[in-house]
>>> print(open('model.cif').read())   # mmCIF, C-alpha atoms
data_upload
#
loop_
_atom_site.label_atom_id
_atom_site.label_comp_id
_atom_site.auth_asym_id
_atom_site.auth_seq_id
_atom_site.Cartn_x
_atom_site.Cartn_y
_atom_site.Cartn_z
CA MET A 902 -5.67 24.19 6.80
CA ASP A 903 -6.69 26.49 9.64
CA ARG A 904 -3.51 28.00 11.02
CA ASP A 905 -4.90 27.94 14.56
CA LYS A 906 -4.52 24.17 14.35
CA SER A 907 -1.08 22.60 14.34
CA TRP A 908 0.11 19.03 14.25
CA PRO A 909 1.44 17.67 17.55
CA LYS A 910 5.01 16.48 17.83
CA ALA A 911 4.09 12.77 17.90
CA VAL A 912 1.49 10.92 15.79
CA SER A 913 0.70 7.23 15.33
CA VAL A 914 -0.44 6.24 11.83
CA ILE A 915 -2.40 2.99 12.06
CA GLY A 916 -3.15 0.99 8.92
CA ASN A 917 -5.71 -1.74 8.36
CA GLY A 918 -3.22 -4.60 8.12
CA PRO A 919 -2.51 -7.37 10.66
CA LYS A 920 -1.91 -6.09 14.19
CA ASP A 921 1.01 -8.42 14.97
CA ASN A 922 1.03 -7.20 18.59
CA GLU A 923 1.82 -3.63 17.51
CA VAL A 924 0.65 -0.97 19.96
CA ALA A 925 0.01 2.69 19.19
CA LEU A 926 2.54 4.79 21.11
CA TYR A 927 1.02 8.23 20.71
CA ASP A 928 -2.36 9.67 21.63
CA TYR A 929 -2.94 11.48 18.35
CA GLN A 930 -3.73 8.98 15.63
CA VAL A 931 -4.41 8.80 11.90
CA ARG A 932 -6.59 5.91 10.73
CA PHE A 933 -8.06 4.93 7.39
CA ASN A 934 -11.46 4.28 5.82
CA ARG A 935 -13.79 4.58 8.80
CA PRO A 936 -16.31 1.73 8.84
CA GLU A 937 -19.75 2.97 7.84
CA SER A 938 -21.18 1.59 11.09
CA MET A 939 -18.86 3.75 13.18
CA PRO A 940 -20.25 7.16 14.24
CA ILE A 941 -18.70 10.18 12.54
CA PRO A 942 -16.16 11.67 14.96
CA ARG A 943 -16.48 15.22 16.21
CA PRO A 944 -14.22 17.64 14.25
CA GLU A 945 -12.76 19.40 17.25
CA THR A 946 -9.42 21.06 17.85
CA PRO A 947 -7.01 18.59 19.50
CA LYS A 948 -6.86 18.72 23.28
CA ALA A 949 -4.14 17.75 25.68
CA VAL A 950 -4.79 14.15 26.72
CA PRO A 951 -3.01 11.83 29.15
CA ALA A 952 -0.58 9.13 28.05
CA PHE A 953 -2.13 6.48 25.81
CA SER A 954 -3.93 4.01 28.05
CA GLN A 955 -7.03 2.87 26.21
CA LEU A 956 -7.90 0.82 23.14
CA GLU A 957 -9.56 3.72 21.32
CA PRO A 958 -8.61 7.36 21.94
CA PRO A 959 -11.30 10.04 22.16
CA ASP A 960 -12.80 11.19 18.84
CA ASP A 961 -11.08 14.55 18.98
CA SER A 962 -7.62 12.95 18.73
CA VAL A 963 -8.31 10.71 15.70
CA LEU A 964 -8.16 11.76 12.06
CA TRP A 965 -9.92 9.37 9.68
CA VAL A 966 -8.65 9.56 6.10
CA ASN A 967 -11.16 7.99 3.72
CA ASN A 968 -11.03 7.26 0.01
CA GLY A 969 -12.95 9.78 -2.07
CA LYS A 970 -15.55 7.14 -2.97
CA ARG A 971 -17.26 8.07 0.30
CA SER A 972 -18.33 11.28 -1.46
CA ASN A 973 -18.87 9.54 -4.83
CA LYS A 974 -15.49 10.65 -6.16
CA SER A 975 -13.24 8.21 -7.98
CA LEU A 976 -10.12 9.88 -6.56
CA GLY A 977 -9.30 12.17 -3.66
CA PHE A 978 -9.83 11.92 0.08
CA VAL A 979 -12.44 12.80 2.68
CA CYS A 980 -11.02 13.48 6.14
CA GLU A 981 -13.15 13.27 9.28
CA GLY A 982 -12.58 14.15 12.91
CA TRP A 983 -9.51 15.76 14.41
CA MET A 984 -7.78 18.30 12.10
CA ALA A 985 -10.30 17.59 9.31
CA ASN A 986 -11.48 20.31 6.93
CA ALA A 987 -11.86 20.85 3.20
CA GLU A 988 -8.39 22.34 2.91
CA LEU A 989 -6.81 19.22 4.39
CA ASN A 990 -8.70 17.11 1.82
CA ASP A 991 -7.19 19.27 -0.91
CA GLU A 992 -3.69 19.05 0.56
CA PHE A 993 -3.88 15.27 0.71
CA ALA A 994 -5.12 15.14 -2.89
CA ALA A 995 -2.31 17.40 -4.09
CA HIS A 996 0.23 15.23 -2.29
CA ALA A 997 -1.27 12.09 -3.83
CA GLN A 998 -1.14 13.66 -7.29
CA SER A 999 2.59 14.25 -6.82
CA LEU A 1000 3.15 10.64 -5.72
CA SER A 1001 1.17 9.32 -8.69
CA HIS A 1002 3.80 10.57 -11.15
CA SER A 1003 6.27 7.97 -9.88
CA LEU A 1004 3.69 5.25 -9.23
CA LYS A 1005 1.80 5.62 -12.53
CA GLN A 1006 -1.21 5.07 -10.29
CA TRP A 1007 -3.19 6.86 -7.58
CA PRO A 1008 -1.53 6.11 -4.20
CA SER A 1009 -3.16 4.55 -1.18
CA CYS A 1010 -4.44 6.61 1.75
CA GLY A 1011 -1.74 5.12 3.95
CA LEU A 1012 1.29 6.04 1.87
CA THR A 1013 -0.16 9.48 1.16
CA ALA A 1014 -0.66 10.20 4.85
CA VAL A 1015 2.80 9.00 5.86
CA ALA A 1016 4.49 11.01 3.11
CA TYR A 1017 2.42 14.08 4.00
CA LEU A 1018 3.10 13.88 7.74
CA THR A 1019 6.80 13.01 7.67
CA PRO A 1020 8.04 16.64 7.42
CA LEU A 1021 5.34 17.95 9.79
CA VAL A 1022 5.83 15.90 12.97
CA SER A 1023 9.00 15.02 14.84
CA LYS A 1024 7.88 11.51 15.87
CA LEU A 1025 5.85 9.44 13.44
CA GLN A 1026 5.00 5.85 14.29
CA VAL A 1027 3.57 3.66 11.51
CA THR A 1028 1.89 0.39 12.47
CA GLN A 1029 -0.22 -2.29 10.75
CA MET A 1030 0.77 -1.01 7.29
CA PRO A 1031 2.64 -3.66 5.25
CA LEU A 1032 1.61 -2.12 1.88
CA LEU A 1033 1.17 -5.70 0.70
CA PRO A 1034 -2.49 -6.77 0.44
CA SER A 1035 -3.29 -10.18 -0.97
CA LEU A 1036 -3.98 -10.36 -4.70
CA ILE A 1037 -5.94 -13.61 -4.29
CA ARG A 1038 -9.54 -13.30 -5.45
CA PRO A 1039 -12.24 -14.76 -3.18
CA GLU A 1040 -14.06 -17.58 -4.95
CA ALA A 1041 -17.40 -15.85 -4.37
CA LEU A 1042 -16.33 -12.65 -6.11
CA CYS A 1043 -18.11 -11.98 -9.41
CA PRO A 1044 -15.70 -12.81 -12.29
CA ARG A 1045 -15.93 -9.28 -13.73
CA MET A 1046 -15.58 -7.52 -10.36
CA PRO A 1047 -12.04 -6.30 -9.58
CA LEU A 1048 -10.56 -6.35 -6.13
CA PRO A 1049 -10.64 -2.75 -4.87
CA SER A 1050 -7.03 -3.05 -3.69
CA ALA A 1051 -5.93 -3.94 -7.23
CA PHE A 1052 -6.16 -0.27 -8.24
CA HIS A 1053 -3.08 0.69 -6.22
CA ASN A 1054 0.51 0.03 -7.24
CA TRP A 1055 1.56 -1.52 -3.94
CA PHE A 1056 4.84 -2.75 -5.38
CA GLY A 1057 5.64 0.82 -6.43
CA GLU A 1058 4.63 2.21 -3.03
CA ARG A 1059 7.07 -0.14 -1.36
CA ARG A 1060 9.73 0.99 -3.85
CA LEU A 1061 9.28 4.60 -2.76
CA VAL A 1062 9.65 3.60 0.90
CA PHE A 1063 12.73 1.43 0.38
CA SER A 1064 14.49 3.70 -2.09
CA GLY A 1065 14.38 6.69 0.25
CA ALA A 1066 12.65 8.76 -2.42
CA LEU A 1067 10.22 10.13 0.18
CA GLU A 1068 12.80 10.50 2.97
CA ILE A 1069 10.81 7.94 4.95
CA SER A 1070 12.48 5.27 7.06
CA PRO A 1071 10.99 1.78 6.63
CA TRP A 1072 8.66 0.85 9.48
CA PRO A 1073 8.46 -2.64 11.08
CA SER A 1074 5.31 -3.90 9.37
CA VAL A 1075 6.61 -3.09 5.87
CA LEU A 1076 9.66 -5.35 6.32
CA LEU A 1077 9.27 -8.96 5.18
CA PRO A 1078 10.95 -12.21 6.19
CA CYS A 1079 12.15 -14.33 3.28
CA PRO A 1080 9.10 -16.15 1.86
CA ALA A 1081 9.35 -19.91 2.20
CA GLY A 1082 8.83 -22.47 -0.54
CA GLY A 1083 9.56 -22.66 -4.21
CA GLU A 1084 12.38 -24.25 -6.15
CA SER A 1085 15.61 -23.08 -7.73
CA THR A 1086 15.30 -22.62 -11.49
CA PRO A 1087 17.54 -21.81 -14.44
CA SER A 1088 17.97 -18.21 -15.61
CA ASP A 1089 15.61 -16.24 -17.90
CA ARG A 1090 12.81 -16.24 -15.31
CA TRP A 1091 12.77 -12.42 -15.40
CA ALA A 1092 12.47 -12.25 -19.19
CA GLN A 1093 9.60 -14.74 -19.01
CA LEU A 1094 7.81 -12.78 -16.29
CA LEU A 1095 8.08 -9.42 -18.06
CA ALA A 1096 6.71 -10.96 -21.29
CA LEU A 1097 3.72 -12.54 -19.53
CA ALA A 1098 1.11 -10.03 -20.74
CA GLN A 1099 2.02 -10.68 -24.38
CA LEU A 1100 1.38 -14.43 -24.24
CA PRO A 1101 -1.83 -16.22 -25.26
CA ARG A 1102 -3.86 -16.99 -22.17
CA GLN A 1103 -3.29 -20.74 -22.09
CA GLN A 1104 0.45 -20.29 -22.47
CA GLY A 1105 0.34 -17.56 -19.85
CA GLN A 1106 -1.47 -19.86 -17.42
CA GLU A 1107 1.26 -22.47 -17.81
CA LEU A 1108 3.98 -19.87 -17.31
CA LEU A 1109 2.29 -18.40 -14.22
CA ALA A 1110 2.05 -21.86 -12.65
CA PHE A 1111 5.77 -22.34 -13.28
CA LEU A 1112 6.87 -18.91 -12.04
CA ALA A 1113 4.73 -19.20 -8.89
CA ASN A 1114 6.99 -22.07 -7.83
CA VAL A 1115 10.26 -20.16 -8.27
CA SER A 1116 11.92 -19.57 -4.90
CA ALA A 1117 12.61 -16.10 -3.54
CA SER A 1118 16.36 -16.75 -3.58
CA SER A 1119 16.20 -17.67 -7.28
CA TRP A 1120 14.38 -14.44 -8.12
CA LEU A 1121 16.95 -12.49 -6.11
CA GLU A 1122 19.88 -13.90 -8.10
CA GLU A 1123 19.04 -11.74 -11.13
CA ALA A 1124 16.91 -9.02 -9.51
CA THR A 1125 17.82 -5.42 -10.35
CA PRO A 1126 16.07 -2.14 -9.51
CA GLU A 1127 15.13 -1.80 -13.19
CA ARG A 1128 13.60 -5.28 -13.45
CA LEU A 1129 11.71 -4.87 -10.19
CA GLN A 1130 10.23 -1.56 -11.30
CA ALA A 1131 9.30 -3.00 -14.71
CA ALA A 1132 7.40 -5.80 -12.94
CA GLU A 1133 5.17 -3.33 -11.04
CA ALA A 1134 2.73 -3.09 -13.97
CA LEU A 1135 1.87 -6.79 -13.63
CA PHE A 1136 0.39 -6.48 -10.15
CA HIS A 1137 -2.22 -3.73 -10.42
CA LEU A 1138 -4.99 -2.46 -12.69
CA ASP A 1139 -5.06 0.84 -14.58
CA ARG A 1140 -7.96 3.05 -13.48
CA GLN A 1141 -8.00 4.82 -16.82
CA HIS A 1142 -8.77 1.78 -18.97
CA ALA A 1143 -11.75 -0.59 -18.92
CA GLU A 1144 -9.70 -3.42 -20.47
CA THR A 1145 -6.49 -4.92 -19.10
CA CYS A 1146 -3.80 -7.36 -20.22
CA ASN A 1147 -3.47 -8.48 -16.60
CA TRP A 1148 -6.14 -11.18 -16.90
CA TRP A 1149 -4.67 -13.07 -13.92
CA LEU A 1150 -6.02 -10.37 -11.58
CA TYR A 1151 -9.54 -11.47 -12.64
CA ASP A 1152 -8.78 -15.22 -12.43
CA PHE A 1153 -8.98 -17.20 -9.19
CA ALA A 1154 -6.06 -19.56 -9.88
CA GLY A 1155 -4.07 -16.89 -11.72
CA SER A 1156 -4.44 -14.37 -8.92
CA ALA A 1157 -3.17 -16.89 -6.36
CA GLN A 1158 -0.14 -17.63 -8.53
CA ALA A 1159 0.48 -13.91 -9.12
CA ASP A 1160 0.25 -13.33 -5.37
CA ALA A 1161 2.93 -15.97 -4.70
CA ILE A 1162 5.23 -14.23 -7.19
CA PHE A 1163 4.37 -10.80 -5.79
CA GLN A 1164 5.26 -11.82 -2.21
CA ARG A 1165 8.66 -13.14 -3.30
CA LEU A 1166 9.47 -10.16 -5.50
CA ALA A 1167 8.47 -7.79 -2.70
CA TRP A 1168 11.09 -9.45 -0.52
CA CYS A 1169 13.64 -9.22 -3.36
CA GLN A 1170 12.86 -5.50 -3.71
CA GLN A 1171 13.59 -5.04 -0.01
CA GLN A 1172 16.92 -6.86 -0.37
CA VAL A 1173 17.96 -4.90 -3.46
CA LEU A 1174 16.91 -1.39 -2.42
CA LEU A 1175 17.55 -1.34 1.33
CA PRO A 1176 21.02 -1.09 2.85
CA SER A 1177 21.83 -4.29 4.72
CA ASP A 1178 21.75 -2.51 8.10
CA ASP A 1179 18.10 -1.51 7.58
CA ARG A 1180 16.67 -4.92 6.58
#
>>> encode(input="model.cif", output="structure tokens")
Amino acid sequence: MDRDKSWPKAVSVIGNGPKDNEVALYDYQVRFNRPESMPIPRPETPKAVPAFSQLEPPDDSVLWVNNGKRSNKSLGFVCEGWMANAELNDEFAAHAQSLSHSLKQWPSCGLTAVAYLTPLVSKLQVTQMPLLPSLIRPEALCPRMPLPSAFHNWFGERRLVFSGALEISPWPSVLLPCPAGGESTPSDRWAQLLALAQLPRQQGQELLAFLANVSASSWLEEATPERLQAAEALFHLDRQHAETCNWWLYDFAGSAQADAIFQRLAWCQQQVLLPSDDR
């Protein structure tokens, strides 16, 4: 990165999740995956600007971090606007490569940016970034078309946040209330879940329907860090393979059931990995 540019002391990182009345506190902002209809921002050096008082800051105080697909790359990032240059793209990609060793998957733009910026700025606000997109397939989606978000290990990204592995403090939108619904069940639910990919499809469909109705408190009774991490592979697709055992991510009913399980396990992960004072 050009050394005549330096990061300001305070930056707001704004994801694409629900707003939930969150307001950006700082003028300099990082956003993700600029809509194609939005004009490309001017890549200028940041300027001193007054306190945040408008819905959208000027172009020269926003950095857009886009997935590499914008430049026909399967991986990597394309940055636009404030602070953007080819060297920053490379630095983001190198940081993502490091994160991928723990995730067994390429990380999202959001987690990469937060992990990259944490040691560089003294005040980092993260909003609208739950790291928990829905796994439910729209009915109109072609049966052989994957959800783009299914290629990230969101469960693993949340693990890195909650475990302190990245020296990142959890931010408000990543914290979950206890999911409602479901019933208490006998033990062995974890063994059944982790064996799901080995079952014939019809038997797997029956098991998914059963597990989707297990309450969050029942999952928590036997949740361990090891079991939670082992379950990560069930909720994303591997970029390196054309075939997958995770058929439920291509099935409308199965994806809805998997999403119900995912939401409850994500809450369990938070309870298991976070100290009680931070929940």
>>> resolve_selection(input="model.cif", expression="the PyMOL selection byres ((chain A and resi 918-926) around 7)", output="MDAnalysis selection string")
chainID A and resid 913 916:917 927:928 953 1028:1031
>>> closest_residue(input="model.cif", among="A:Ala1051, A:Ile1162, A:Ala1157, A:Val912", to="A:Lys1024", atoms="all atoms listed in the file")
A:Val912
>>> resolve_selection(input="model.cif", expression="the PyMOL selection byres ((chain A and resi 1040) around 12)", output="VMD selection string")
chain A and resid 1037 to 1039 1041 to 1044 1046 1048 1151 to 1154 1156 to 1157
>>> write_last_selection(input="model.cif", atoms="C-alpha atoms", output="mmCIF file, in the frame of the given file")
data_model
loop_
_atom_site.group_PDB
_atom_site.id
_atom_site.type_symbol
_atom_site.label_atom_id
_atom_site.label_comp_id
_atom_site.auth_asym_id
_atom_site.auth_seq_id
_atom_site.Cartn_x
_atom_site.Cartn_y
_atom_site.Cartn_z
ATOM 1 C CA ILE A 1037 -5.940 -13.610 -4.290
ATOM 2 C CA ARG A 1038 -9.540 -13.300 -5.450
ATOM 3 C CA PRO A 1039 -12.240 -14.760 -3.180
ATOM 4 C CA ALA A 1041 -17.400 -15.850 -4.370
ATOM 5 C CA LEU A 1042 -16.330 -12.650 -6.110
ATOM 6 C CA CYS A 1043 -18.110 -11.980 -9.410
ATOM 7 C CA PRO A 1044 -15.700 -12.810 -12.290
ATOM 8 C CA MET A 1046 -15.580 -7.520 -10.360
ATOM 9 C CA LEU A 1048 -10.560 -6.350 -6.130
ATOM 10 C CA TYR A 1151 -9.540 -11.470 -12.640
ATOM 11 C CA ASP A 1152 -8.780 -15.220 -12.430
ATOM 12 C CA PHE A 1153 -8.980 -17.200 -9.190
ATOM 13 C CA ALA A 1154 -6.060 -19.560 -9.880
ATOM 14 C CA SER A 1156 -4.440 -14.370 -8.920
ATOM 15 C CA ALA A 1157 -3.170 -16.890 -6.360
#
>>> closest_residue(input="model.cif", among="A:Glu1122, A:Cys1169, A:Leu1018, A:Gly1082", to="A:Arg1060", atoms="all atoms listed in the file")
A:Cys1169
>>> resolve_selection(input="model.cif", expression="the PyMOL selection byres ((chain A and resi 1063) around 12)", output="PyMOL selection string")
chain A and resi 1032+1056-1062+1064-1072+1075-1077+1126+1167-1177+1179-1180
>>> closest_residue(input="model.cif", among="A:Arg1165, A:Glu1123, A:Gln1006, A:Val1022", to="A:Gly1083", atoms="all atoms listed in the file")
A:Arg1165
>>> closest_residue(input="model.cif", among="A:Asn986, A:Ser1003, A:Ser1119, A:Ser1009", to="A:Asn934", atoms="all atoms listed in the file")
A:Ser1009
>>> residues_around(input="model.cif", residues="stretch 1097-1101 of chain A", least_positions_apart="2", cutoff="10 Å", atoms="only C-alpha atoms", output="PyMOL selection string")
chain A and resi 1091-1095+1103-1106+1108-1109+1134-1135+1145-1149
>>> atom_distance(input="model.cif", atom1="atom CA of A:Gln1141", atom2="atom CA of A:Arg932")
27.6 Å
>>> residues_around(input="model.cif", residues="A:Gly969", least_positions_apart="6", cutoff="12 Å", atoms="all atoms listed in the file", output="list in words")
Phe933, Asn934, Ser975, Leu976, Gly977, Phe978, Val979, Cys980, Glu981, Asn990, Asp991, Phe993, Ala994, Trp1007, Ser1009 and Cys1010 of chain A
>>> atom_distance(input="model.cif", atom1="atom CA of A:Trp983", atom2="atom CA of A:Leu1021")
15.7 Å
>>> atom_distance(input="model.cif", atom1="atom CA of A:Glu1084", atom2="atom CA of A:Ser1116")
4.9 Å
>>> closest_residue(input="model.cif", among="A:His1002, A:Arg1045, A:Val966, A:Asp1139", to="A:Gly982", atoms="only C-alpha atoms")
A:Val966
>>> closest_residue(input="model.cif", among="A:Val1115, A:Leu1150, A:Ala1131, A:Leu1004", to="A:Pro1049", atoms="only C-alpha atoms")
A:Leu1150
